[in-house]
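Asker: Questions regarding the structure given below will be posed in turn.
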2 protein chains.
Amino acid sequence: MDKKRLERYADLIVKSGINVQKGQEVLIRCELDQPEFVEMVVEKCYQAGAARVEIEWKHMPITKLNAIYRTEQSLSDFTYVDEAKLKRRSEVLPCLIWLDSEDPDGLIGTDHEKLAKARMAIYPKQKPYVEAMENKYQWCIAAVPGKEWAKKVFPGLSDEDAVEKLWEAILDASRVDADPITAWDAHNKKLKERCAFLNEHRFDHLEYKSSNGTDFKVWLNEKGLFLGGAEQNLNNGIWYNPNIPSEEVFTSPISGRAEGKVVATKPLSYQGKLIENFWVEFKDGKVVNTHAEKNGDLLEQMVHMDEGASRLGECALIAYDSPINNTDILFYNTLFDENASCHLALGRGFTNCLEGYENMTYEQCIAAGVNNSMIHVDFMIGSKDMSIVGVMKDGTRVQIFKDGNWVI
Amino acid sequence: MDKKRLERYADLIVKSGINVQKGQEVLIRCELDQPEFVEMVVEKCYQAGAARVEIEWKHMPITKLNAIYRTEQSLSDFTYVDEAKLKRRSEVLPCLIWLDSEDPDGLIGTDHEKLAKARMAIYPKQKPYVEAMENKYQWCIAAVPGKEWAKKVFPGLSDEDAVEKLWEAILDASRVDADPITAWDAHNKKLKERCAFLNEHRFDHLEYKSSNGTDFKVWLNEKGLFLGGAEQNLNNGIWYNPNIPSEEVFTSPISGRAEGKVVATKPLSYQGKLIENFWVEFKDGKVVNTHAEKNGDLLEQMVHMDEGASRLGECALIAYDSPINNTDILFYNTLFDENASCHLALGRGFTNCLEGYENMTYEQCIAAGVNNSMIHVDFMIGSKDMSIVGVMKDGTRVQIFKDGNWVI
């Protein structure tokens, strides 16, 4: 890959992504796949004034060995070292860069029930820290190609060609052209305009319909806001772009009100496995029925992770003609696949989708209807002929999507 | 590299190296160079019964960026996360595997004075934990080839060929043939016999002479022991091999008694730089004069790191005709180069070289003459014509080395 283009991408992540400020710390989480690119990002963080950049390297084959050989009890261990790490994060609030390159099939062959139980055992101990730092640090998820991931996306190519082609797809989807930072500013403006339109209309609920069987209503929060693109760190007012790429305009609906059936339009990569050709049915805001042609047990296990795992945390609107969808590539990666199509997320909602959240405690946000869960899992429902209508309190109907695309 | 041979090497590290027992934890420290080999080692640890294997990945180019961009104050930061990590190690006492593959030139261009000051600022906070776990855990340093390291050792070869050739040299030097575990048992037996001979004679001091200008005496501890090969974990009695390869028989001399000049016979790789063609002069056990053709300032800085850095912590005997020296390769790596030739170490001594250390506190060992320092740096003094004579209290002289090799 052209080094100059990678430099621009690293720049985009550091400046538009986390927008690191002089004296801030940065934490980078990544696999071992692209150390040279990680070096670039680290150096750009320092050049932008970071006081300290720390890296947490992971390696999926070893994550898998741990998953296989460690007992549930051992995996459930939240040591005082783990706690000290999270405590320091919640106090220092370093910017977080997550360079995703995980093998989507990396955990095939592991006992996902054991892993889920361990996660459930640990989460209550992490919760107070996670909640304390909510919306208070700058973060950015971006992707770099891993060999296994690239081979999954482009199975016909050699390892090297697949990685190169995935680099291209990532950079294309992330608007890394001549001047990505300016391109992102323009893109952000457009997302903000759409948010403004939706927020002005204060829709009571949205109605989704598609010929594939989706027939679904979701009620919005009276104090809910649609967001998209850059977000603001509550702690210091700094704007940052949490996802690169990002095409979505999204909100957290009311936790307890959704009805009907949604049919997934892309497979869901979850815990290293693919849940395929599935649908989910809601009643009184809760999943009451699921079906999948493949890995349906994993889907069932997921929606039963905790009380909130069967309720909605997010509904996101993305044109079917999105730059990512137009690549016609199934990335097997949420960052891309979620930005290719309208989606919902089961689990944890976003408190910052609530008007006035800046002055509310986390518990108050939950009480106001934001869903609470240890999981947040997106699944794609956008289709070529999807219609979305916004229905106002007085019954006024406004077409928002037609034939899969924005009409506003 | 032949996968079967690598499997045998991984086996050697796990079984003869740390000799991990059922239920023990393992900590692996390594660079990013050989993740597939690290996977092998991790799996073998689990198969041997390890309860948990953790990895601390490092990447020299990023260590270098940190060294360049972080301030001395930031580098001197010993956070409560760092402390929690070390505290847990001193309590849980995991086996430690260090897979060394560092680029010997990796820190060229950094401010070594800044790094040394930061290390000095941190060390007092680490000291209580380091001392508490002394001799109480199984550990093993072994090597894997890194690309930069391999290119340094074999500058004429392509990257790939250099790495392959360094793998071969590492495996040859580590006795990884048909049955390395049996070979190590035999080798250990021989080292123990030489230790027994030296320990029976209770030498008062050793006299080193060589035509290159070395003319040096070092006094041994009355309660001192020569050790070599496998060591025993005081906490559980398990035997382990701290160095793979290991050719040395060594002791910690009395901290305060050494006289004369020793001329280095190999360059010393220290903090990413090479100190070349140097000598060191001792008076009353302390370095009083140094000279180096290259990086003499670094040598001077090293011997002034703390009070004990100018005194001896180790004197080690290795035949000039050692398997490693016979490869005729300068490895630019202490693990190999120190096992190629007789050497001394400035700095920290080994408490387990003291008879009865099992029932002594760390402070009592220091009081009994073991040197104390934050550094422990080996430098090579073995030469083709070196003579070493052991002199007993009654004046009896016993030739130990002649023409560079053992005569016992």
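The chains in the structure tokens are called A, B, ... from first to last as shown; in each chain the residues are counted from 1, and the ligands are counted from 1 in the order shown.
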Restrict the calculation to only C-alpha atoms, then for each residue of chain A with any atom at most 9 Å from an atom of chain B give the closest atom pair and their distance in Å to one decimal, rows by chain and rising residue number, as a Markdown table.
Answerer:
| residue | atom | partner | partner_atom | distance |
| --- | --- | --- | --- | --- |
| A:Leu32 | CA | B:Leu32 | CA | 6.9 |
| A:Pro35 | CA | B:His59 | CA | 8.1 |
| A:Glu36 | CA | B:Pro61 | CA | 8.8 |
| A:Val38 | CA | B:Ile62 | CA | 8.5 |
| A:Glu39 | CA | B:Ile62 | CA | 6.2 |
| A:Val42 | CA | B:Ile62 | CA | 7.5 |
| A:Glu43 | CA | B:Leu65 | CA | 6.7 |
| A:Tyr46 | CA | B:Tyr69 | CA | 6.4 |
| A:Gln47 | CA | B:Tyr69 | CA | 8.3 |
| A:Ala50 | CA | B:Arg70 | CA | 8.6 |
| A:Ala51 | CA | B:Arg70 | CA | 6.2 |
| A:Arg52 | CA | B:Arg70 | CA | 6.2 |
| A:Val53 | CA | B:Asn66 | CA | 7.4 |
| A:Glu54 | CA | B:Asn66 | CA | 8.8 |
| A:Ile55 | CA | B:Lys58 | CA | 8.9 |
| A:Glu56 | CA | B:Trp57 | CA | 8.1 |
| A:Trp57 | CA | B:Trp57 | CA | 6.3 |
| A:Lys58 | CA | B:Trp57 | CA | 8.3 |
| A:His59 | CA | B:Pro35 | CA | 8.1 |
| A:Pro61 | CA | B:Glu39 | CA | 7.1 |
| A:Ile62 | CA | B:Glu39 | CA | 6.2 |
| A:Leu65 | CA | B:Glu43 | CA | 6.7 |
| A:Asn66 | CA | B:Val53 | CA | 7.4 |
| A:Tyr69 | CA | B:Tyr46 | CA | 6.4 |
| A:Arg70 | CA | B:Ala51 | CA | 6.2 |
| A:Thr71 | CA | B:Ala51 | CA | 7.8 |
| A:Ser74 | CA | B:Arg52 | CA | 7.3 |
| A:Leu75 | CA | B:Arg52 | CA | 8.7 |
| A:Thr79 | CA | B:Arg88 | CA | 8.7 |
| A:Tyr80 | CA | B:Ala84 | CA | 6.8 |
| A:Val81 | CA | B:Ala84 | CA | 5.3 |
| A:Asp82 | CA | B:Val81 | CA | 8.5 |
| A:Glu83 | CA | B:Val81 | CA | 8.7 |
| A:Ala84 | CA | B:Val81 | CA | 5.3 |
| A:Lys85 | CA | B:Val81 | CA | 5.6 |
| A:Lys87 | CA | B:Val81 | CA | 8.8 |
| A:Arg88 | CA | B:Val81 | CA | 7.3 |
Asker: Any chance you could export the current selection's N, CA, C and O atoms as a short mmCIF file (atom, residue, chain, number, x, y, z; two decimals), in the first residue's frame?
Answerer:
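The file below, result-v6.cif, is the result:
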data_model
loop_
_atom_site.label_atom_id
_atom_site.label_comp_id
_atom_site.auth_asym_id
_atom_site.auth_seq_id
_atom_site.Cartn_x
_atom_site.Cartn_y
_atom_site.Cartn_z
N LEU A 32 -1.68 -7.95 16.04
CA LEU A 32 -0.27 -7.84 15.61
C LEU A 32 -0.14 -7.59 14.11
O LEU A 32 0.97 -7.54 13.58
N PRO A 35 2.05 -3.74 12.34
CA PRO A 35 2.86 -2.96 13.28
C PRO A 35 3.43 -1.68 12.68
O PRO A 35 3.56 -0.68 13.39
N GLU A 36 3.74 -1.69 11.37
CA GLU A 36 4.29 -0.47 10.77
C GLU A 36 3.24 0.64 10.79
O GLU A 36 3.57 1.81 11.02
N VAL A 38 0.81 0.89 12.96
CA VAL A 38 0.68 1.29 14.37
C VAL A 38 1.79 2.28 14.73
O VAL A 38 1.53 3.29 15.40
N GLU A 39 3.00 2.01 14.24
CA GLU A 39 4.10 2.94 14.47
C GLU A 39 3.76 4.34 13.96
O GLU A 39 4.00 5.34 14.63
N VAL A 42 1.28 5.96 16.24
CA VAL A 42 1.92 6.37 17.50
C VAL A 42 2.71 7.65 17.29
O VAL A 42 2.58 8.62 18.06
N GLU A 43 3.48 7.69 16.22
CA GLU A 43 4.31 8.89 16.01
C GLU A 43 3.43 10.12 15.79
O GLU A 43 3.71 11.20 16.30
N TYR A 46 2.15 11.42 19.06
CA TYR A 46 3.17 12.20 19.77
C TYR A 46 3.37 13.56 19.11
O TYR A 46 3.49 14.58 19.78
N GLN A 47 3.39 13.57 17.77
CA GLN A 47 3.59 14.84 17.07
C GLN A 47 2.42 15.80 17.35
O GLN A 47 2.60 17.02 17.33
N ALA A 50 0.59 14.25 22.23
CA ALA A 50 0.27 13.24 23.24
C ALA A 50 1.41 13.12 24.25
O ALA A 50 2.58 13.17 23.88
N ALA A 51 1.06 12.98 25.52
CA ALA A 51 2.08 12.86 26.55
C ALA A 51 2.58 11.42 26.67
O ALA A 51 3.72 11.18 27.05
N ARG A 52 1.72 10.49 26.31
CA ARG A 52 2.06 9.08 26.50
C ARG A 52 1.15 8.26 25.61
O ARG A 52 -0.05 8.50 25.56
N VAL A 53 1.73 7.31 24.89
CA VAL A 53 0.92 6.42 24.04
C VAL A 53 1.21 5.00 24.49
O VAL A 53 2.37 4.57 24.53
N GLU A 54 0.16 4.31 24.83
CA GLU A 54 0.33 2.93 25.30
C GLU A 54 -0.37 2.00 24.32
O GLU A 54 -1.37 2.37 23.71
N ILE A 55 0.16 0.81 24.17
CA ILE A 55 -0.44 -0.13 23.23
C ILE A 55 -0.81 -1.43 23.93
O ILE A 55 -0.02 -1.97 24.69
N GLU A 56 -2.00 -1.87 23.69
CA GLU A 56 -2.40 -3.20 24.14
C GLU A 56 -2.50 -4.10 22.91
O GLU A 56 -3.48 -4.03 22.16
N TRP A 57 -1.46 -4.90 22.71
CA TRP A 57 -1.45 -5.82 21.56
C TRP A 57 -2.27 -7.05 21.89
O TRP A 57 -2.22 -7.55 23.02
N LYS A 58 -3.00 -7.52 20.91
CA LYS A 58 -3.69 -8.80 21.07
C LYS A 58 -3.38 -9.67 19.86
O LYS A 58 -3.01 -9.15 18.81
N HIS A 59 -3.56 -10.96 20.02
CA HIS A 59 -3.30 -11.86 18.91
C HIS A 59 -4.35 -12.96 18.97
O HIS A 59 -4.38 -13.75 19.91
N PRO A 61 -5.06 -15.87 17.63
CA PRO A 61 -4.79 -17.29 17.90
C PRO A 61 -4.50 -17.55 19.38
O PRO A 61 -4.78 -18.64 19.89
N ILE A 62 -3.95 -16.55 20.06
CA ILE A 62 -3.65 -16.74 21.48
C ILE A 62 -4.90 -16.48 22.32
O ILE A 62 -5.14 -17.18 23.31
N LEU A 65 -6.49 -19.76 22.18
CA LEU A 65 -5.89 -20.74 23.09
C LEU A 65 -6.33 -20.50 24.53
O LEU A 65 -6.66 -21.44 25.26
N ASN A 66 -6.35 -19.22 24.93
CA ASN A 66 -6.83 -18.89 26.28
C ASN A 66 -8.27 -19.37 26.46
O ASN A 66 -8.63 -19.94 27.49
N TYR A 69 -8.24 -23.29 26.72
CA TYR A 69 -7.59 -23.98 27.83
C TYR A 69 -7.92 -23.44 29.21
O TYR A 69 -7.83 -24.16 30.19
N ARG A 70 -8.23 -22.13 29.32
CA ARG A 70 -8.50 -21.61 30.66
C ARG A 70 -9.90 -22.04 31.10
O ARG A 70 -10.81 -22.14 30.31
N THR A 71 -10.03 -22.29 32.37
CA THR A 71 -11.34 -22.69 32.89
C THR A 71 -12.26 -21.47 32.93
O THR A 71 -11.81 -20.32 32.86
N SER A 74 -11.17 -19.32 35.74
CA SER A 74 -9.97 -18.52 35.45
C SER A 74 -10.32 -17.35 34.53
O SER A 74 -9.87 -16.22 34.73
N LEU A 75 -11.15 -17.61 33.52
CA LEU A 75 -11.54 -16.54 32.59
C LEU A 75 -12.42 -15.50 33.28
O LEU A 75 -12.52 -14.36 32.82
N THR A 79 -8.76 -9.53 38.09
CA THR A 79 -7.73 -9.37 39.12
C THR A 79 -7.60 -7.90 39.51
O THR A 79 -8.12 -7.02 38.83
N TYR A 80 -6.84 -7.65 40.56
CA TYR A 80 -6.65 -6.25 40.93
C TYR A 80 -5.80 -5.51 39.91
O TYR A 80 -5.82 -4.29 39.87
N VAL A 81 -5.08 -6.25 39.07
CA VAL A 81 -4.38 -5.58 37.97
C VAL A 81 -5.39 -5.09 36.92
O VAL A 81 -5.32 -3.94 36.47
N ASP A 82 -6.33 -5.95 36.57
CA ASP A 82 -7.38 -5.54 35.63
C ASP A 82 -8.14 -4.33 36.18
O ASP A 82 -8.44 -3.39 35.45
N GLU A 83 -8.43 -4.38 37.46
CA GLU A 83 -9.18 -3.28 38.06
C GLU A 83 -8.36 -1.99 38.06
O GLU A 83 -8.88 -0.92 37.74
N ALA A 84 -7.08 -2.10 38.39
CA ALA A 84 -6.23 -0.91 38.41
C ALA A 84 -6.16 -0.27 37.02
O ALA A 84 -6.22 0.95 36.87
N LYS A 85 -6.07 -1.12 35.98
CA LYS A 85 -6.02 -0.61 34.60
C LYS A 85 -7.27 0.20 34.27
O LYS A 85 -7.19 1.30 33.72
N LYS A 87 -9.48 1.44 36.37
CA LYS A 87 -9.59 2.59 37.26
C LYS A 87 -8.75 3.76 36.72
O LYS A 87 -9.23 4.89 36.62
N ARG A 88 -7.52 3.45 36.32
CA ARG A 88 -6.67 4.52 35.80
C ARG A 88 -7.27 5.11 34.53
O ARG A 88 -7.24 6.32 34.33
#
Asker: How far apart are chain B and chain A by Cα RMSD after a least-squares superposition over every Cα, paired in order?
Answerer: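 RMSD over all C-alpha atoms: 0.0 Å.
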Asker: DSSP on the backbone, then: every residue of segment 192-246 of chain B marked helix (DSSP H, G or I), written as JSON, numbers by chain.
Answerer: {"B": [192, 193, 194, 195, 196, 197, 198, 199, 200, 201]}
Asker: Quick one: everything within 8 Å of Asp77 of chain A, counting only C-alpha atoms, minus sequence neighbours fewer than 4 positions away in the same chain. Send it as a PyMOL selection string.
Answerer: chain A and resi 73+118+122
Asker: What does the structure give for the distance between atom CA of Val391 of chain A and atom CA of Arg202 of chain A, in Å to one decimal?
Answerer: 8.9 Å
Asker: Would you kindly return, as a list in words, each protein, DNA or RNA residue with an atom no farther than 7 Å from any atom of segment 144-156 of chain A, considering only C-alpha atoms and excluding same-chain residues fewer than 4 positions away?
Answerer: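 Here the answer would be Asp33, Gln34, Leu99, Asp100, Ser101, Glu102, Asp103, Pro104, Ala162, Val163, Leu166, Trp167, Leu330 and Phe331 of chain A.
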Asker: Could you dump the residues just selected with all heavy atoms as a short mmCIF file (atom, residue, chain, number, x, y, z; two decimals), in the first residue's frame?
Answerer:
data_model
loop_
_atom_site.label_atom_id
_atom_site.label_comp_id
_atom_site.auth_asym_id
_atom_site.auth_seq_id
_atom_site.Cartn_x
_atom_site.Cartn_y
_atom_site.Cartn_z
N ASP A 33 -1.25 -7.40 13.41
CA ASP A 33 -1.23 -7.47 11.95
C ASP A 33 -0.47 -6.38 11.21
O ASP A 33 0.12 -6.63 10.17
CB ASP A 33 -2.68 -7.48 11.44
CG ASP A 33 -3.43 -8.70 11.90
OD1 ASP A 33 -2.96 -9.81 11.60
OD2 ASP A 33 -4.44 -8.56 12.59
N GLN A 34 -0.52 -5.15 11.70
CA GLN A 34 0.07 -4.03 10.94
C GLN A 34 0.95 -3.17 11.83
O GLN A 34 0.69 -1.97 12.01
CB GLN A 34 -1.06 -3.18 10.32
CG GLN A 34 -1.92 -3.91 9.30
CD GLN A 34 -1.20 -4.17 7.98
OE1 GLN A 34 -0.12 -3.60 7.72
NE2 GLN A 34 -1.76 -5.03 7.15
N LEU A 99 -7.74 -0.27 16.58
CA LEU A 99 -7.46 -0.65 15.19
C LEU A 99 -7.89 -2.10 15.01
O LEU A 99 -7.21 -3.03 15.42
CB LEU A 99 -5.97 -0.49 14.88
CG LEU A 99 -5.45 0.95 14.94
CD1 LEU A 99 -3.95 0.98 14.70
CD2 LEU A 99 -6.16 1.85 13.93
N ASP A 100 -9.05 -2.24 14.40
CA ASP A 100 -9.68 -3.55 14.32
C ASP A 100 -9.15 -4.31 13.10
O ASP A 100 -9.15 -3.80 11.99
CB ASP A 100 -11.20 -3.34 14.19
CG ASP A 100 -11.96 -4.64 14.30
OD1 ASP A 100 -11.34 -5.68 14.58
OD2 ASP A 100 -13.20 -4.61 14.10
N SER A 101 -8.68 -5.52 13.33
CA SER A 101 -8.25 -6.36 12.19
C SER A 101 -8.54 -7.83 12.48
O SER A 101 -7.97 -8.72 11.87
CB SER A 101 -6.76 -6.17 11.91
OG SER A 101 -5.98 -6.55 13.03
N GLU A 102 -9.44 -8.04 13.41
CA GLU A 102 -9.70 -9.39 13.90
C GLU A 102 -10.20 -10.35 12.82
O GLU A 102 -11.02 -10.00 11.98
CB GLU A 102 -10.77 -9.34 15.00
CG GLU A 102 -10.19 -8.97 16.34
CD GLU A 102 -11.27 -8.98 17.42
OE1 GLU A 102 -12.39 -9.47 17.16
OE2 GLU A 102 -10.96 -8.49 18.51
N ASP A 103 -9.72 -11.55 12.93
CA ASP A 103 -10.23 -12.66 12.11
C ASP A 103 -11.67 -12.94 12.52
O ASP A 103 -11.93 -13.30 13.67
CB ASP A 103 -9.34 -13.89 12.40
CG ASP A 103 -9.84 -15.14 11.70
OD1 ASP A 103 -10.79 -15.04 10.90
OD2 ASP A 103 -9.25 -16.21 11.95
N PRO A 104 -12.63 -12.76 11.60
CA PRO A 104 -14.03 -12.99 11.99
C PRO A 104 -14.29 -14.43 12.43
O PRO A 104 -15.22 -14.68 13.19
CB PRO A 104 -14.82 -12.68 10.71
CG PRO A 104 -13.86 -12.10 9.73
CD PRO A 104 -12.47 -12.40 10.20
N ALA A 162 -4.84 -10.36 -0.98
CA ALA A 162 -6.06 -10.15 -0.19
C ALA A 162 -5.86 -9.00 0.79
O ALA A 162 -6.73 -8.13 0.94
CB ALA A 162 -6.42 -11.44 0.55
N VAL A 163 -4.70 -8.99 1.44
CA VAL A 163 -4.41 -7.91 2.41
C VAL A 163 -4.37 -6.57 1.69
O VAL A 163 -4.95 -5.57 2.14
CB VAL A 163 -3.08 -8.18 3.15
CG1 VAL A 163 -2.61 -6.96 3.91
CG2 VAL A 163 -3.24 -9.36 4.11
N LEU A 166 -7.85 -5.50 0.76
CA LEU A 166 -8.63 -5.08 1.93
C LEU A 166 -8.16 -3.69 2.39
O LEU A 166 -8.98 -2.85 2.78
CB LEU A 166 -8.52 -6.11 3.05
CG LEU A 166 -9.39 -5.87 4.29
CD1 LEU A 166 -10.86 -5.63 3.93
CD2 LEU A 166 -9.28 -7.03 5.27
N TRP A 167 -6.85 -3.44 2.30
CA TRP A 167 -6.36 -2.09 2.59
C TRP A 167 -7.09 -1.07 1.69
O TRP A 167 -7.59 -0.07 2.17
CB TRP A 167 -4.85 -1.97 2.30
CG TRP A 167 -3.92 -1.89 3.48
CD1 TRP A 167 -2.76 -2.59 3.63
CD2 TRP A 167 -4.04 -1.08 4.67
NE1 TRP A 167 -2.16 -2.27 4.82
CE2 TRP A 167 -2.91 -1.34 5.47
CE3 TRP A 167 -4.99 -0.17 5.13
CZ2 TRP A 167 -2.71 -0.71 6.71
CZ3 TRP A 167 -4.79 0.45 6.36
CH2 TRP A 167 -3.66 0.18 7.13
N LEU A 330 -18.87 -7.90 1.40
CA LEU A 330 -19.28 -8.23 2.76
C LEU A 330 -18.00 -8.30 3.58
O LEU A 330 -17.13 -9.13 3.34
CB LEU A 330 -20.02 -9.57 2.81
CG LEU A 330 -20.40 -10.03 4.22
CD1 LEU A 330 -21.35 -9.06 4.91
CD2 LEU A 330 -21.00 -11.44 4.20
N PHE A 331 -17.88 -7.35 4.51
CA PHE A 331 -16.62 -7.22 5.24
C PHE A 331 -16.50 -8.19 6.42
O PHE A 331 -15.43 -8.36 6.97
CB PHE A 331 -16.45 -5.78 5.77
CG PHE A 331 -16.05 -4.78 4.72
CD1 PHE A 331 -17.01 -4.15 3.93
CD2 PHE A 331 -14.71 -4.45 4.53
CE1 PHE A 331 -16.63 -3.21 2.97
CE2 PHE A 331 -14.33 -3.51 3.57
CZ PHE A 331 -15.29 -2.90 2.79
#
Asker: Using the chain letters and numbers from this document, which residues of segment 151-280 of chain B does DSSP assign to strand (DSSP E or B), as an MDAnalysis selection string?
Answerer: chainID B and resid 205:209 215:219 224 227:228 231:232 239:240 243 249:251 258:263 268:270 273:280
Asker: Expressed in Å to a single decimal, how great is the separation between atom CA of Val407 of chain B and atom CA of Gly313 of chain B?
Answerer: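 Computing the Euclidean distance for atom CA of Val407 of chain B and atom CA of Gly313 of chain B yields 24.7 Å.
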Asker: Pick out the closest residue to Thr110 of chain A from this set: A:Glu72, A:Glu168, A:Asp179, A:Glu91. Count only C-alpha atoms.
Answerer: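 Closest candidate: A:Glu72.
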